[in-house]
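Asks: To be precise about what I am sending: the file is called data11.pdb and holds PDB, C-alpha atoms and all ligand atoms.
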```pdb
ATOM      1  CA  MET A   1       0.084 150.293 -58.188  1.00  0.00           C
ATOM      2  CA  LEU A   2       0.228 154.057 -58.604  1.00  0.00           C
ATOM      3  CA  HIS A   3       1.071 155.314 -62.095  1.00  0.00           C
ATOM      4  CA  TYR A   4       3.136 158.505 -62.192  1.00  0.00           C
ATOM      5  CA  VAL A   5       2.125 160.010 -65.494  1.00  0.00           C
ATOM      6  CA  THR A   6       5.068 161.731 -67.141  1.00  0.00           C
ATOM      7  CA  THR A   7       7.398 161.659 -70.119  1.00  0.00           C
ATOM      8  CA  ASN A   8      10.030 163.458 -68.008  1.00  0.00           C
ATOM      9  CA  ASP A   9      12.527 161.151 -66.239  1.00  0.00           C
ATOM     10  CA  GLY A  10      13.726 164.020 -64.030  1.00  0.00           C
ATOM     11  CA  LYS A  11      10.274 164.335 -62.451  1.00  0.00           C
ATOM     12  CA  LEU A  12      10.035 160.597 -61.816  1.00  0.00           C
ATOM     13  CA  ALA A  13      13.461 160.449 -60.154  1.00  0.00           C
ATOM     14  CA  GLU A  14      12.302 163.095 -57.669  1.00  0.00           C
ATOM     15  CA  ALA A  15       8.935 161.384 -57.054  1.00  0.00           C
ATOM     16  CA  ASP A  16      10.648 158.065 -56.302  1.00  0.00           C
ATOM     17  CA  ASP A  17      11.873 159.412 -52.961  1.00  0.00           C
ATOM     18  CA  TYR A  18       8.302 159.890 -51.704  1.00  0.00           C
ATOM     19  CA  LEU A  19       6.348 156.980 -53.123  1.00  0.00           C
ATOM     20  CA  ASP A  20       6.870 153.271 -52.449  1.00  0.00           C
ATOM     21  CA  GLU A  21       4.996 151.477 -55.168  1.00  0.00           C
ATOM     22  CA  VAL A  22       5.076 153.696 -58.177  1.00  0.00           C
ATOM     23  CA  THR A  23       5.617 153.073 -61.848  1.00  0.00           C
ATOM     24  CA  GLN A  24       6.143 155.520 -64.692  1.00  0.00           C
ATOM     25  CA  PHE A  25       3.311 155.805 -67.197  1.00  0.00           C
ATOM     26  CA  ASP A  26       4.889 157.426 -70.247  1.00  0.00           C
ATOM     27  CA  PHE A  27       1.716 159.047 -71.586  1.00  0.00           C
ATOM     28  CA  ASP A  28       1.762 162.345 -73.451  1.00  0.00           C
ATOM     29  CA  TYR A  29      -1.775 163.514 -72.646  1.00  0.00           C
ATOM     30  CA  THR A  30      -3.138 166.503 -74.567  1.00  0.00           C
ATOM     31  CA  GLU A  31      -2.557 169.591 -72.446  1.00  0.00           C
ATOM     32  CA  ILE A  32      -5.431 172.067 -72.311  1.00  0.00           C
ATOM     33  CA  GLN A  33      -4.538 175.755 -72.511  1.00  0.00           C
ATOM     34  CA  ALA A  34      -4.596 177.498 -69.138  1.00  0.00           C
ATOM     35  CA  ALA A  35      -2.452 179.992 -67.233  1.00  0.00           C
ATOM     36  CA  ASP A  36      -2.631 177.814 -64.121  1.00  0.00           C
ATOM     37  CA  PRO A  37      -1.147 174.295 -63.856  1.00  0.00           C
ATOM     38  CA  ALA A  38      -4.135 173.019 -61.799  1.00  0.00           C
ATOM     39  CA  PRO A  39      -6.708 172.595 -64.601  1.00  0.00           C
ATOM     40  CA  ILE A  40      -4.006 171.234 -66.913  1.00  0.00           C
ATOM     41  CA  ALA A  41      -3.024 168.577 -64.371  1.00  0.00           C
ATOM     42  CA  ALA A  42      -6.670 167.749 -63.555  1.00  0.00           C
ATOM     43  CA  HIS A  43      -7.546 167.272 -67.203  1.00  0.00           C
ATOM     44  CA  GLY A  44      -4.449 165.108 -67.697  1.00  0.00           C
ATOM     45  CA  ALA A  45      -5.325 162.958 -64.678  1.00  0.00           C
ATOM     46  CA  ARG A  46      -8.782 162.174 -66.068  1.00  0.00           C
ATOM     47  CA  ALA A  47      -7.352 161.317 -69.491  1.00  0.00           C
ATOM     48  CA  ALA A  48      -4.654 159.110 -67.925  1.00  0.00           C
ATOM     49  CA  TYR A  49      -7.119 157.374 -65.605  1.00  0.00           C
ATOM     50  CA  ARG A  50      -9.304 156.459 -68.557  1.00  0.00           C
ATOM     51  CA  ARG A  51      -6.262 154.947 -70.250  1.00  0.00           C
ATOM     52  CA  VAL A  52      -4.847 153.077 -67.239  1.00  0.00           C
ATOM     53  CA  ASP A  53      -8.050 152.239 -65.377  1.00  0.00           C
ATOM     54  CA  GLY A  54      -6.089 152.455 -62.112  1.00  0.00           C
ATOM     55  CA  PRO A  55      -4.745 155.154 -59.769  1.00  0.00           C
ATOM     56  CA  VAL A  56      -2.815 157.884 -61.590  1.00  0.00           C
ATOM     57  CA  LEU A  57      -0.835 160.928 -60.531  1.00  0.00           C
ATOM     58  CA  VAL A  58      -0.168 163.684 -63.080  1.00  0.00           C
ATOM     59  CA  ASP A  59       2.542 166.278 -62.451  1.00  0.00           C
ATOM     60  CA  ASP A  60       2.213 169.632 -64.185  1.00  0.00           C
ATOM     61  CA  ALA A  61       4.903 172.159 -63.375  1.00  0.00           C
ATOM     62  CA  GLY A  62       6.558 175.269 -64.687  1.00  0.00           C
ATOM     63  CA  LEU A  63       8.744 178.287 -64.121  1.00  0.00           C
ATOM     64  CA  PHE A  64       6.890 181.567 -63.510  1.00  0.00           C
ATOM     65  CA  LEU A  65       8.843 184.811 -63.951  1.00  0.00           C
ATOM     66  CA  GLU A  66       7.479 187.680 -61.915  1.00  0.00           C
ATOM     67  CA  GLY A  67       8.595 190.389 -64.374  1.00  0.00           C
ATOM     68  CA  PHE A  68       7.028 188.578 -67.355  1.00  0.00           C
ATOM     69  CA  ASP A  69       3.636 188.119 -65.624  1.00  0.00           C
ATOM     70  CA  GLY A  70       4.300 184.434 -65.095  1.00  0.00           C
ATOM     71  CA  PHE A  71       5.739 183.575 -68.530  1.00  0.00           C
ATOM     72  CA  PRO A  72       6.848 180.902 -69.471  1.00  0.00           C
ATOM     73  CA  GLY A  73       4.530 179.215 -66.884  1.00  0.00           C
ATOM     74  CA  PRO A  74       2.462 176.571 -68.688  1.00  0.00           C
ATOM     75  CA  TYR A  75       4.710 176.956 -71.750  1.00  0.00           C
ATOM     76  CA  SER A  76       7.880 176.093 -69.806  1.00  0.00           C
ATOM     77  CA  ALA A  77       8.565 172.807 -71.590  1.00  0.00           C
ATOM     78  CA  PHE A  78       7.991 174.378 -75.028  1.00  0.00           C
ATOM     79  CA  VAL A  79      10.201 177.387 -74.236  1.00  0.00           C
ATOM     80  CA  GLU A  80      12.954 175.165 -72.855  1.00  0.00           C
ATOM     81  CA  ASN A  81      12.865 173.034 -75.998  1.00  0.00           C
ATOM     82  CA  THR A  82      12.739 175.939 -78.449  1.00  0.00           C
ATOM     83  CA  LEU A  83      14.821 178.745 -76.891  1.00  0.00           C
ATOM     84  CA  GLY A  84      16.838 176.855 -74.292  1.00  0.00           C
ATOM     85  CA  ILE A  85      17.511 178.010 -70.764  1.00  0.00           C
ATOM     86  CA  ASP A  86      20.580 180.127 -71.652  1.00  0.00           C
ATOM     87  CA  THR A  87      18.414 182.273 -73.923  1.00  0.00           C
ATOM     88  CA  VAL A  88      15.678 182.494 -71.297  1.00  0.00           C
ATOM     89  CA  TRP A  89      18.283 183.790 -68.850  1.00  0.00           C
ATOM     90  CA  ARG A  90      19.696 186.319 -71.361  1.00  0.00           C
ATOM     91  CA  LEU A  91      16.229 187.594 -72.326  1.00  0.00           C
ATOM     92  CA  ALA A  92      15.132 187.948 -68.739  1.00  0.00           C
ATOM     93  CA  ASP A  93      18.370 189.654 -67.747  1.00  0.00           C
ATOM     94  CA  ALA A  94      18.196 192.088 -70.676  1.00  0.00           C
ATOM     95  CA  GLU A  95      14.527 192.977 -70.171  1.00  0.00           C
ATOM     96  CA  LEU A  96      13.943 192.776 -66.437  1.00  0.00           C
ATOM     97  CA  ASP A  97      15.219 194.530 -63.329  1.00  0.00           C
ATOM     98  CA  ASP A  98      13.103 192.169 -61.263  1.00  0.00           C
ATOM     99  CA  HIS A  99      14.595 188.666 -61.358  1.00  0.00           C
ATOM    100  CA  ARG A 100      12.120 187.069 -58.962  1.00  0.00           C
ATOM    101  CA  ALA A 101      10.785 183.718 -60.116  1.00  0.00           C
ATOM    102  CA  ALA A 102       8.796 180.779 -58.809  1.00  0.00           C
ATOM    103  CA  PHE A 103       8.528 177.129 -59.676  1.00  0.00           C
ATOM    104  CA  ARG A 104       5.038 175.722 -59.287  1.00  0.00           C
ATOM    105  CA  CYS A 105       3.969 172.096 -59.341  1.00  0.00           C
ATOM    106  CA  VAL A 106       0.458 170.678 -59.214  1.00  0.00           C
ATOM    107  CA  LEU A 107      -0.079 166.962 -58.678  1.00  0.00           C
ATOM    108  CA  ALA A 108      -3.493 165.678 -59.752  1.00  0.00           C
ATOM    109  CA  TYR A 109      -4.652 162.314 -58.428  1.00  0.00           C
ATOM    110  CA  CYS A 110      -7.505 160.245 -59.826  1.00  0.00           C
ATOM    111  CA  ASP A 111      -8.538 156.690 -59.014  1.00  0.00           C
ATOM    112  CA  GLY A 112     -12.129 156.840 -60.212  1.00  0.00           C
ATOM    113  CA  GLU A 113     -13.512 157.166 -56.681  1.00  0.00           C
ATOM    114  CA  SER A 114     -14.774 160.236 -54.864  1.00  0.00           C
ATOM    115  CA  PHE A 115     -13.013 161.868 -51.910  1.00  0.00           C
ATOM    116  CA  ASP A 116     -14.145 162.646 -48.386  1.00  0.00           C
ATOM    117  CA  ALA A 117     -14.919 166.288 -47.785  1.00  0.00           C
ATOM    118  CA  SER A 118     -11.712 168.092 -46.891  1.00  0.00           C
ATOM    119  CA  PRO A 119     -10.322 171.616 -46.927  1.00  0.00           C
ATOM    120  CA  ASP A 120      -7.856 170.599 -49.640  1.00  0.00           C
ATOM    121  CA  PRO A 121      -8.715 171.361 -53.245  1.00  0.00           C
ATOM    122  CA  VAL A 122     -10.751 168.915 -55.258  1.00  0.00           C
ATOM    123  CA  ASP A 123     -11.023 169.895 -58.902  1.00  0.00           C
ATOM    124  CA  ARG A 124     -14.600 170.626 -59.891  1.00  0.00           C
ATOM    125  CA  GLY A 125     -14.062 173.510 -62.338  1.00  0.00           C
ATOM    126  CA  ASP A 126     -14.832 171.754 -65.566  1.00  0.00           C
ATOM    127  CA  ARG A 127     -17.587 169.679 -64.010  1.00  0.00           C
ATOM    128  CA  VAL A 128     -19.337 172.918 -63.015  1.00  0.00           C
ATOM    129  CA  ALA A 129     -18.821 174.265 -66.552  1.00  0.00           C
ATOM    130  CA  ALA A 130     -20.209 171.047 -67.992  1.00  0.00           C
ATOM    131  CA  ALA A 131     -23.283 171.221 -65.777  1.00  0.00           C
ATOM    132  CA  ALA A 132     -23.860 174.824 -66.861  1.00  0.00           C
ATOM    133  CA  THR A 133     -23.882 173.937 -70.551  1.00  0.00           C
ATOM    134  CA  GLY A 134     -25.594 170.598 -70.034  1.00  0.00           C
ATOM    135  CA  ALA A 135     -22.673 169.049 -71.923  1.00  0.00           C
ATOM    136  CA  ASP A 136     -19.853 166.762 -71.038  1.00  0.00           C
ATOM    137  CA  ALA A 137     -16.785 168.960 -70.444  1.00  0.00           C
ATOM    138  CA  ASP A 138     -14.400 166.440 -71.944  1.00  0.00           C
ATOM    139  CA  GLU A 139     -14.813 165.717 -75.602  1.00  0.00           C
ATOM    140  CA  ASP A 140     -12.914 162.393 -75.688  1.00  0.00           C
ATOM    141  CA  ASN A 141     -14.729 161.078 -72.671  1.00  0.00           C
ATOM    142  CA  ASP A 142     -17.077 158.155 -72.475  1.00  0.00           C
ATOM    143  CA  THR A 143     -18.105 158.740 -68.868  1.00  0.00           C
ATOM    144  CA  THR A 144     -19.485 161.920 -67.358  1.00  0.00           C
ATOM    145  CA  GLU A 145     -17.143 164.255 -65.528  1.00  0.00           C
ATOM    146  CA  THR A 146     -19.063 163.750 -62.291  1.00  0.00           C
ATOM    147  CA  ASP A 147     -17.679 160.189 -62.353  1.00  0.00           C
ATOM    148  CA  LEU A 148     -14.097 161.367 -62.163  1.00  0.00           C
ATOM    149  CA  PRO A 149     -13.192 163.574 -59.224  1.00  0.00           C
ATOM    150  CA  VAL A 150      -9.573 164.690 -59.089  1.00  0.00           C
ATOM    151  CA  LYS A 151      -7.659 165.712 -55.991  1.00  0.00           C
ATOM    152  CA  LEU A 152      -4.978 168.388 -56.292  1.00  0.00           C
ATOM    153  CA  PHE A 153      -1.750 168.966 -54.336  1.00  0.00           C
ATOM    154  CA  GLU A 154       0.317 172.074 -54.967  1.00  0.00           C
ATOM    155  CA  GLY A 155       3.870 173.094 -54.162  1.00  0.00           C
ATOM    156  CA  VAL A 156       5.592 176.421 -54.805  1.00  0.00           C
ATOM    157  CA  VAL A 157       9.173 177.579 -54.315  1.00  0.00           C
ATOM    158  CA  ARG A 158      10.227 181.194 -54.749  1.00  0.00           C
ATOM    159  CA  GLY A 159      13.709 182.264 -55.801  1.00  0.00           C
ATOM    160  CA  GLN A 160      15.405 184.266 -58.512  1.00  0.00           C
ATOM    161  CA  LEU A 161      16.770 183.867 -61.988  1.00  0.00           C
ATOM    162  CA  VAL A 162      20.578 183.858 -62.246  1.00  0.00           C
ATOM    163  CA  PRO A 163      23.195 182.997 -64.890  1.00  0.00           C
ATOM    164  CA  PRO A 164      23.456 179.189 -65.297  1.00  0.00           C
ATOM    165  CA  ARG A 165      25.393 177.321 -62.576  1.00  0.00           C
ATOM    166  CA  GLY A 166      25.608 173.629 -61.737  1.00  0.00           C
ATOM    167  CA  ASP A 167      24.933 170.428 -63.642  1.00  0.00           C
ATOM    168  CA  GLY A 168      22.450 168.519 -61.488  1.00  0.00           C
ATOM    169  CA  GLY A 169      18.670 168.376 -61.772  1.00  0.00           C
ATOM    170  CA  PHE A 170      16.936 169.101 -65.065  1.00  0.00           C
ATOM    171  CA  GLY A 171      15.117 171.813 -67.023  1.00  0.00           C
ATOM    172  CA  TYR A 172      15.573 175.317 -65.617  1.00  0.00           C
ATOM    173  CA  ASP A 173      17.423 174.167 -62.486  1.00  0.00           C
ATOM    174  CA  PRO A 174      20.760 175.821 -63.475  1.00  0.00           C
ATOM    175  CA  ILE A 175      19.171 179.312 -63.716  1.00  0.00           C
ATOM    176  CA  PHE A 176      16.919 179.111 -60.633  1.00  0.00           C
ATOM    177  CA  GLU A 177      18.594 180.158 -57.403  1.00  0.00           C
ATOM    178  CA  TYR A 178      17.139 179.473 -53.965  1.00  0.00           C
ATOM    179  CA  ASP A 179      18.895 180.868 -50.917  1.00  0.00           C
ATOM    180  CA  GLY A 180      22.213 181.391 -52.763  1.00  0.00           C
ATOM    181  CA  THR A 181      22.320 177.987 -54.473  1.00  0.00           C
ATOM    182  CA  THR A 182      20.941 177.036 -57.866  1.00  0.00           C
ATOM    183  CA  MET A 183      18.788 173.934 -57.972  1.00  0.00           C
ATOM    184  CA  ALA A 184      21.349 172.384 -60.320  1.00  0.00           C
ATOM    185  CA  GLU A 185      23.998 172.800 -57.583  1.00  0.00           C
ATOM    186  CA  MET A 186      21.860 170.864 -55.091  1.00  0.00           C
ATOM    187  CA  GLY A 187      21.831 167.103 -54.639  1.00  0.00           C
ATOM    188  CA  PRO A 188      18.502 165.335 -55.243  1.00  0.00           C
ATOM    189  CA  ALA A 189      17.559 165.208 -51.542  1.00  0.00           C
ATOM    190  CA  GLU A 190      18.499 168.853 -51.026  1.00  0.00           C
ATOM    191  CA  LYS A 191      16.374 169.914 -53.992  1.00  0.00           C
ATOM    192  CA  ASN A 192      13.403 167.771 -52.893  1.00  0.00           C
ATOM    193  CA  ALA A 193      13.519 169.292 -49.405  1.00  0.00           C
ATOM    194  CA  ILE A 194      12.754 172.779 -50.711  1.00  0.00           C
ATOM    195  CA  SER A 195      11.355 172.329 -54.208  1.00  0.00           C
ATOM    196  CA  HIS A 196       7.864 172.850 -55.596  1.00  0.00           C
ATOM    197  CA  ARG A 197       7.664 169.147 -56.485  1.00  0.00           C
ATOM    198  CA  GLY A 198       9.030 167.995 -53.121  1.00  0.00           C
ATOM    199  CA  ARG A 199       6.457 170.113 -51.299  1.00  0.00           C
ATOM    200  CA  ALA A 200       3.572 168.818 -53.418  1.00  0.00           C
ATOM    201  CA  LEU A 201       4.812 165.224 -53.120  1.00  0.00           C
ATOM    202  CA  GLU A 202       5.103 165.476 -49.363  1.00  0.00           C
ATOM    203  CA  LYS A 203       1.450 166.565 -49.091  1.00  0.00           C
ATOM    204  CA  PHE A 204       0.354 163.873 -51.519  1.00  0.00           C
ATOM    205  CA  ALA A 205       2.334 161.059 -49.839  1.00  0.00           C
ATOM    206  CA  GLU A 206       0.881 161.910 -46.426  1.00  0.00           C
ATOM    207  CA  TRP A 207      -2.680 161.898 -47.791  1.00  0.00           C
ATOM    208  CA  TYR A 208      -2.141 158.807 -49.972  1.00  0.00           C
ATOM    209  CA  ALA A 209      -0.908 156.774 -47.012  1.00  0.00           C
ATOM    210  CA  GLN A 210      -4.410 157.169 -45.511  1.00  0.00           C
ATOM    211  CA  ARG A 211      -6.237 156.424 -48.766  1.00  0.00           C
TER     212      ARG A 211
HETATM  213  P1  LIG B 301       5.259 165.646 -68.724  1.00  0.00           P
HETATM  214  O1  LIG B 301       4.184 166.653 -69.119  1.00  0.00           O
HETATM  215  O2  LIG B 301       5.291 164.442 -69.592  1.00  0.00           O
HETATM  216  O3  LIG B 301       5.228 165.314 -67.256  1.00  0.00           O
HETATM  217  P2  LIG B 301       7.041 167.855 -69.269  1.00  0.00           P
HETATM  218  O4  LIG B 301       8.524 168.049 -69.076  1.00  0.00           O
HETATM  219  O5  LIG B 301       6.455 168.257 -70.591  1.00  0.00           O
HETATM  220  O6  LIG B 301       6.699 166.335 -68.955  1.00  0.00           O
HETATM  221  P3  LIG B 301       5.435 169.906 -68.013  1.00  0.00           P
HETATM  222  O7  LIG B 301       4.477 170.022 -69.130  1.00  0.00           O
HETATM  223  O8  LIG B 301       4.917 169.927 -66.613  1.00  0.00           O
HETATM  224  O9  LIG B 301       6.296 168.561 -68.097  1.00  0.00           O
HETATM  225  O10 LIG B 301       6.539 171.018 -68.234  1.00  0.00           O
HETATM  226  C1  LIG B 301       7.247 171.421 -67.187  1.00  0.00           C
HETATM  227  C2  LIG B 301       8.534 172.074 -67.650  1.00  0.00           C
HETATM  228  O11 LIG B 301       8.886 172.992 -66.623  1.00  0.00           O
HETATM  229  C3  LIG B 301       9.664 171.070 -67.748  1.00  0.00           C
HETATM  230  O12 LIG B 301       9.788 170.524 -69.054  1.00  0.00           O
HETATM  231  C4  LIG B 301      10.845 171.928 -67.331  1.00  0.00           C
HETATM  232  O13 LIG B 301      11.252 172.719 -68.434  1.00  0.00           O
HETATM  233  C5  LIG B 301      10.228 172.852 -66.296  1.00  0.00           C
HETATM  234  N1  LIG B 301      10.319 172.289 -64.936  1.00  0.00           N
HETATM  235  C6  LIG B 301       9.337 171.698 -64.209  1.00  0.00           C
HETATM  236  N2  LIG B 301       9.803 171.270 -63.035  1.00  0.00           N
HETATM  237  C7  LIG B 301      11.095 171.596 -63.020  1.00  0.00           C
HETATM  238  C8  LIG B 301      12.119 171.406 -62.076  1.00  0.00           C
HETATM  239  O14 LIG B 301      11.926 170.771 -60.927  1.00  0.00           O
HETATM  240  N3  LIG B 301      13.331 171.866 -62.374  1.00  0.00           N
HETATM  241  C9  LIG B 301      13.572 172.497 -63.530  1.00  0.00           C
HETATM  242  N4  LIG B 301      12.669 172.694 -64.482  1.00  0.00           N
HETATM  243  C10 LIG B 301      11.430 172.257 -64.229  1.00  0.00           C
END
```
Just dump the structure as structure tokens.

Replies:
Amino acid sequence: MLHYVTTNDGKLAEADDYLDEVTQFDFDYTEIQAADPAPIAAHGARAAYRRVDGPVLVDDAGLFLEGFDGFPGPYSAFVENTLGIDTVWRLADAELDDHRAAFRCVLAYCDGESFDASPDPVDRGDRVAAAATGADADEDNDTTETDLPVKLFEGVVRGQLVPPRGDGGFGYDPIFEYDGTTMAEMGPAEKNAISHRGRALEKFAEWYAQR
């Protein structure tokens, strides 16, 4: 059984369309600080695997505003909870001429086993850092990092920030417009077909079927 590691029901609802035997693992892993979702997701996958001792998939995602050099990016959940999306829209509209934005999603899979060589990314960053210092990269870890390879799947969708419209989806969906429609105006299947998460899930599901 694959454990989809998230506290966010909106993410799980979207993942359900791609994965047959999946269960939510409501685990609030400690997020490392990074500008890129990939190391955050990889670190979370190792922490979750140690807890579950079975296959896990971590989903780290965020909204990246071009004119704010990617902000809120990895802080998207915090900014949504503190400012709210209406304020994010007003700030961006007041400060920026450039309303281009992207949603990014990285799925990190870990089942304790290694992966065949492939052109797709396998996270090794912190294992290399650990080897360089001679230390274990993960402080709350009772195995070495070389024991826990993580495979990464990424999806990106580019659009623009607009005043809020629609009441579907979750998070920043009402202020993110793709091809004239906000993600909150799309049905679940329509959003999955073009979204960052849908794209990452499609790659993962295809690979996982062969695993
Ligand atoms: P978990 O870490 O428990 O999975 P989370 O909501 O905290 O839940 P993230 O740390 O990945 O997840 O934060 C991502 C935030 O980015 C999320 O809370 C939303 O504000 C936003 N976000 C991500 N995907 C989104 C989507 O498809 N539509 C709208 N907003 C999204």

Asks: What's around region 59-66 of chain A at 9 Å? Count all atoms listed in the file, leave out sequence neighbours fewer than 2 positions away in its own chain, and write the answer as a ChimeraX atom specification.

Replies: /A:4-6,11,37-38,40-41,44-45,57,68-77,92,98-108,160-161,172,176,196-197

Asks: Counting all atoms listed in the file, what is within 9 Å of region 78-86 of chain A, bar same-chain residues fewer than 6 positions away, as a list of chain:residue names?

Replies: A:Pro72, A:Pro163, A:Pro164, A:Gly171, A:Tyr172, A:Pro174, A:Ile175

Asks: Any idea what the distance is between atom C6 of ligand LIG 301 (chain B) and CA of Met183 (chain A)?

Replies: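 Between atom C6 of ligand LIG 301 (chain B) and CA of Met183 (chain A) the gap is 11.5 Å.
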
Asks: For the atom pair CA of Tyr178 (chain A) and CA of Arg158 (chain A), what is the interatomic distance in Å to one decimal place?

Replies: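 CA of Tyr178 (chain A) sits 7.2 Å away from CA of Arg158 (chain A).
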
Asks: Quick one, how far is CA of Pro39 (chain A) from CA of Leu152 (chain A)?

Replies: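 Going from CA of Pro39 (chain A) over to CA of Leu152 (chain A), I get 9.5 Å.
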
Asks: With only C-alpha atoms and all ligand atoms as the basis for distance, which of A:Glu21, A:Asp173, A:Glu95, A:Asp167 is at the shortest distance from ligand LIG 301 (chain B)?

Replies: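 Checking each candidate against ligand LIG 301 (chain B), we get A:Asp173 as the closest.
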
Asks: Could you tell me which residues the PyMOL selection byres (((chain A and resi 113) around 8) and not hetatm) grabs in this file, written as a list in words?

Replies: Cys110, Asp111, Gly112, Ser114, Phe115, Asp147, Leu148 and Pro149 of chain A

Asks: Counting only C-alpha atoms and all ligand atoms, which of A:Phe153, A:Thr182, A:Met1, A:Val162 gets nearest to ligand LIG 301 (chain B)?

Replies: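 Ranking A:Phe153, A:Thr182, A:Met1, A:Val162 by distance to ligand LIG 301 (chain B), first place goes to A:Thr182.
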
Asks: Kindly list the centre and edge lengths in Å, rounded to one decimal, for the axis-aligned box that covers all listed atoms of region 110-116 of chain A plus 3 Å on each of its six sides, as JSON.

Replies:
```
{"center_x": -11.1, "center_y": 159.7, "center_z": -54.3, "size_x": 13.3, "size_y": 12.0, "size_z": 17.8}
```

Asks: With a distance cut-off of 9 Å and all atoms listed in the file, select the neighbouring residues of Gly168 (chain A), excluding the residue or stretch itself and same-chain residues fewer than 2 positions from it, and output the selection as a ChimeraX atom specification.

Replies: /A:166,170,173-174,183-188

Asks: Translate the PyMOL selection byres (((chain A and resi 23-27) around 12) and not hetatm) into a concrete residue list for this structure, as a ChimeraX atom specification.

Replies: /A:1-13,15-16,19-22,28-31,44-45,47-52,54-59

Asks: Residues picked by the PyMOL selection byres (((chain A and resi 207) around 12) and not hetatm) here, as a ChimeraX atom specification?

Replies: /A:18-19,109,115-116,118,120,151-153,200-206,208-211
